[in-house]
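What follows is one structure encoded as structure tokens, with my remarks underneath.
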Amino acid sequence: MSVPEVLRRLLTAPGPSGYEQAPAAVFREACAEFAEVSQDTVGSTVARVKGTGDGPLLAIVGHIDEIGLIVHHIDDEGYLWFTPVGGWDPVVLVGQRLEIATRNGRVPGVVGKKPIHLMGDEDRRKVPELKHLHIDIGAEDGDDARSRVRVGDVAVIAGEPVEFPNDRVVSRSMDNRLGCYVAYEAARLVAEAGDAPGDVCALAVAQEEITFAGARTSAFSLEPDLVVVVDVTFATDAPDTNEKEVGRHRFGTGPVLGRGSTLDPLVFELVHAAGEAEGIPFTIAASARSTGTDADAFHAARAGIPSAVVSIPLRYMHSPVEMVQLDDVQNAARLIAAFARRLEPGVSFER
């Protein structure tokens with residue numbers, strides 16, 4: 001299976017938290033073919049597929065932002081110093097090529113540090129710290145650098161998606177353009193079937209990696225009756241992953257259904273039943289507290305919104321080589337679409 005074109009366009013559009021305009025535009029354009037599309041001042045998008053009756057309003061939510069870097073200082077030698085946007089392992093950044101988004105277009109850069117040849121033995125044994133890394137754009141001096149880049153410009157790691165054997169793909173920004181793609185694809189499948197009892201909305205929400213702002217505001221502006229949050233989780237067939245701690249969620253075993261203290265038990269059972277009825281493979285992950293996803297914002301918003309989490313197994317999270325198996329992605333969309341089409345009017349989530 002090759003990378004679907006909508007997913008490829010989402011993956012290659014740079015958009016760190018708070019600067020999601022480019023991938024949001026891709027999402028809106030794709031959804032406009034089958035849904036009513038709107039956007040807000042935070043940067044979130046809603047694509048609504050009308051239902052056939054008065055069934056509950058379902059929101060299927062992915063977050064459109066990715067982790068990145070923001071320039072906070074440009075020195076007189078022309079080097080850029082940065083702050084992380086979202087959670088980075090500094091080791092991942094060393095030696096990476098970047099794309100910096102500026103008012104005049106994309107500027108290439110590289111993340112630099114002192115070469116190993118110039119380090120003492122003690123420094124070689126240390127893990128690099130972000131404060132010791134810089135961005136080099138090839139500037140002659142500070143004035144040259146400041147003419148090309150401004151403080152507050154953001155950057156992402158450069159690179160195109162790469163297709164691997166066995167239906168696997170590597171790219172940056174899988175977390176969480178995958179969730180947005182699944183929301184898009186599930187809503188498209190619902191629109192194609194044309195028989196969902198209630199309205200189904202695909203959401204691409206902003207700023208999950210830093211504040212959950214898009215989820216918090218969308219809970220009020222949209223007022224959904226229930227929410228399915230789509231995100232990524234750790235594929236447990238990667239080395240040094242302890243399945244006794246995180247469960248077994250390997251490539252090819254389908255989406256992962258969250259079950260736990262902050263997630264609605266009835267929504268879980270309905271999603272579970274839809275997967276079984278359709279013969280879609282899935283696994284289950286337990287959470288005793290927060291989920292680390294937008295569900296943490298939705299479930300406690302307003303008077304409480306019944307929430308579920310459907311995750312996609314992913315290797316090498318928060319890196320430029322995030323890897324996924326595409327049939328897990330498609331099965332997540334199929335499962336959520338099947339669930340949406342079974343949501344009958346009058347269902348109560350009181351407990």
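Each chain in the structure tokens gets a letter, A, B and so on, in the order shown; residues start at 1 in every chain, and ligands are counted from 1 in the order they appear.
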
>> Please return, as number ranges by chain, all residues of region 296-325 of chain A that DSSP assigns to strand (DSSP E) on the basis of the backbone.
In response: A: 307-314, 322-325

> Any idea what's packed within 9 Å of region 7-23 of chain A, counting only C-alpha atoms, ignoring anything in its chain fewer than 6 positions away? Could you give it as a ChimeraX atom specification?
Replying inline: /A:42-44,64-70,85-86,99,101,154-161,171-174,177-178,180-181,206-211

> Which residue, A:Val246, A:Ile74, A:Val200, A:Val347, has the smallest gap to Ser147 (chain A) when you use only C-alpha atoms?
Replying inline: A:Ile74

> Could you pull the residues within 7 Å of Ala47 (chain A), counting only C-alpha atoms, minus those fewer than 6 positions along the same chain, as a ChimeraX atom specification?
Replying inline: /A:31,35-38,201-203

Would you mind exporting C-alpha atoms of the selected residues as an mmCIF file, in the first residue's frame?
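Dumped everything to out-v8.cif:
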```cif
data_model
loop_
_atom_site.group_PDB
_atom_site.id
_atom_site.type_symbol
_atom_site.label_atom_id
_atom_site.label_comp_id
_atom_site.auth_asym_id
_atom_site.auth_seq_id
_atom_site.Cartn_x
_atom_site.Cartn_y
_atom_site.Cartn_z
ATOM 1 C CA CYS A 31 -12.567 17.453 3.845
ATOM 2 C CA ALA A 35 -18.279 17.862 4.415
ATOM 3 C CA GLU A 36 -19.155 21.356 5.615
ATOM 4 C CA VAL A 37 -15.868 22.866 6.777
ATOM 5 C CA SER A 38 -15.263 25.651 9.286
ATOM 6 C CA CYS A 201 -17.503 15.842 12.681
ATOM 7 C CA ALA A 202 -13.840 15.314 11.835
ATOM 8 C CA LEU A 203 -11.673 17.721 13.808
#
```

>> Which residues are close to region 283-300 of chain A, i.e. within 8 Å by only C-alpha atoms, leaving aside same-chain residues fewer than 6 positions away? Reply as a list of chain:residue names.
In response: A:His63, A:Glu208, A:Phe212, A:Ala215, A:Arg216, A:Ala219, A:Val227, A:Val228, A:Val229, A:Asp231, A:Val246, A:Gly247, A:Arg248, A:His249, A:Thr253, A:Gly254, A:Pro255, A:Val256, A:Leu257, A:Gly258, A:Arg259, A:Gly260, A:Ser261, A:Thr262, A:Leu263, A:Pro306, A:Ser307, A:Ala308, A:Val309

Produce a file of the selected residues containing N, CA, C and O atoms, as a compact mmCIF listing (two decimals), in the first residue's frame.
```
# COMPACT_ATOMS: atom_id res chain seq x y z
N HIS A 63 -5.00 15.80 16.44
CA HIS A 63 -4.37 17.12 16.59
C HIS A 63 -3.44 17.37 15.42
O HIS A 63 -2.67 16.52 15.00
N GLU A 208 -2.08 20.64 20.69
CA GLU A 208 -2.11 19.53 21.65
C GLU A 208 -0.77 19.34 22.34
O GLU A 208 -0.71 19.02 23.53
N PHE A 212 -3.23 21.70 24.86
CA PHE A 212 -4.57 21.16 24.58
C PHE A 212 -5.56 22.26 24.21
O PHE A 212 -6.78 22.09 24.32
N ALA A 215 -8.46 21.44 21.71
CA ALA A 215 -9.47 20.55 22.29
C ALA A 215 -10.35 21.31 23.28
O ALA A 215 -11.58 21.17 23.28
N ARG A 216 -9.73 22.11 24.13
CA ARG A 216 -10.49 22.85 25.14
C ARG A 216 -11.51 23.79 24.49
O ARG A 216 -12.67 23.86 24.91
N ALA A 219 -14.38 21.94 22.50
CA ALA A 219 -15.40 21.35 23.37
C ALA A 219 -16.55 22.32 23.59
O ALA A 219 -17.71 21.91 23.68
N VAL A 227 -16.92 12.09 22.06
CA VAL A 227 -15.69 12.35 21.34
C VAL A 227 -14.87 11.06 21.24
O VAL A 227 -14.76 10.31 22.21
N VAL A 228 -14.32 10.83 20.05
CA VAL A 228 -13.29 9.81 19.87
C VAL A 228 -12.01 10.53 19.48
O VAL A 228 -11.94 11.17 18.43
N VAL A 229 -11.01 10.48 20.35
CA VAL A 229 -9.72 11.10 20.08
C VAL A 229 -8.81 10.06 19.43
O VAL A 229 -8.69 8.93 19.91
N ASP A 231 -4.98 9.26 18.26
CA ASP A 231 -3.60 9.67 18.44
C ASP A 231 -2.71 8.46 18.18
O ASP A 231 -3.19 7.43 17.71
N VAL A 246 3.40 -1.84 29.30
CA VAL A 246 2.55 -1.05 28.42
C VAL A 246 1.59 -1.88 27.58
O VAL A 246 0.81 -1.33 26.80
N GLY A 247 1.59 -3.20 27.74
CA GLY A 247 0.71 -4.05 26.97
C GLY A 247 1.32 -4.41 25.63
O GLY A 247 2.42 -3.97 25.28
N ARG A 248 0.61 -5.23 24.85
CA ARG A 248 1.11 -5.70 23.56
C ARG A 248 0.34 -5.03 22.43
O ARG A 248 -0.84 -5.30 22.22
N HIS A 249 1.02 -4.15 21.71
CA HIS A 249 0.41 -3.40 20.61
C HIS A 249 1.41 -3.35 19.47
O HIS A 249 2.13 -2.37 19.28
N THR A 253 -1.48 -5.38 14.35
CA THR A 253 -2.54 -5.85 15.25
C THR A 253 -3.70 -4.86 15.32
O THR A 253 -4.63 -5.05 16.10
N GLY A 254 -3.65 -3.82 14.49
CA GLY A 254 -4.77 -2.90 14.41
C GLY A 254 -4.68 -1.75 15.39
O GLY A 254 -3.69 -1.60 16.12
N PRO A 255 -5.71 -0.91 15.43
CA PRO A 255 -5.74 0.22 16.36
C PRO A 255 -5.81 -0.26 17.80
O PRO A 255 -6.18 -1.40 18.09
N VAL A 256 -5.48 0.66 18.71
CA VAL A 256 -5.47 0.37 20.14
C VAL A 256 -6.61 1.14 20.79
O VAL A 256 -6.66 2.38 20.70
N LEU A 257 -7.51 0.44 21.46
CA LEU A 257 -8.64 1.08 22.14
C LEU A 257 -8.25 1.37 23.59
O LEU A 257 -7.85 0.48 24.33
N GLY A 258 -8.40 2.65 23.97
CA GLY A 258 -8.10 3.02 25.34
C GLY A 258 -9.24 2.65 26.28
O GLY A 258 -10.42 2.77 25.94
N ARG A 259 -8.86 2.20 27.46
CA ARG A 259 -9.84 1.88 28.49
C ARG A 259 -9.26 2.30 29.83
O ARG A 259 -8.15 1.91 30.18
N GLY A 260 -9.99 3.12 30.58
CA GLY A 260 -9.43 3.56 31.85
C GLY A 260 -10.27 4.59 32.56
O GLY A 260 -11.40 4.90 32.18
N SER A 261 -9.67 5.16 33.58
CA SER A 261 -10.39 5.96 34.56
C SER A 261 -11.05 7.20 33.99
O SER A 261 -12.13 7.60 34.43
N THR A 262 -10.42 7.86 33.03
CA THR A 262 -10.98 9.10 32.48
C THR A 262 -11.77 8.88 31.20
O THR A 262 -12.29 9.85 30.63
N LEU A 263 -11.88 7.64 30.76
CA LEU A 263 -12.55 7.33 29.50
C LEU A 263 -13.92 6.72 29.77
O LEU A 263 -14.09 5.97 30.73
N PRO A 306 -18.42 12.50 27.20
CA PRO A 306 -17.99 11.11 27.12
C PRO A 306 -16.93 10.94 26.04
O PRO A 306 -17.13 11.36 24.88
N SER A 307 -15.81 10.35 26.40
CA SER A 307 -14.65 10.33 25.51
C SER A 307 -14.06 8.94 25.39
O SER A 307 -14.10 8.14 26.33
N ALA A 308 -13.50 8.67 24.21
CA ALA A 308 -12.76 7.45 23.94
C ALA A 308 -11.46 7.81 23.26
O ALA A 308 -11.33 8.90 22.69
N VAL A 309 -10.48 6.91 23.32
CA VAL A 309 -9.22 7.09 22.62
C VAL A 309 -8.97 5.88 21.74
O VAL A 309 -9.07 4.73 22.20
```

> Pick from A:Val46, A:Ala273, A:Ile60, A:Val169: nearest to Met1 (chain A), with only C-alpha atoms counted?
Replying inline: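 Closest residue, counting only C-alpha atoms: A:Val169.
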
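Taking CA of Pro115 (chain A) as the reference point, CA of Ile100 (chain A) is found at 23.3 Å.
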
> Between A:Lys244, A:Arg28, A:Val170, A:Pro4, which is the closest to Asp40 (chain A) once you count only C-alpha atoms?
Replying inline: A:Arg28
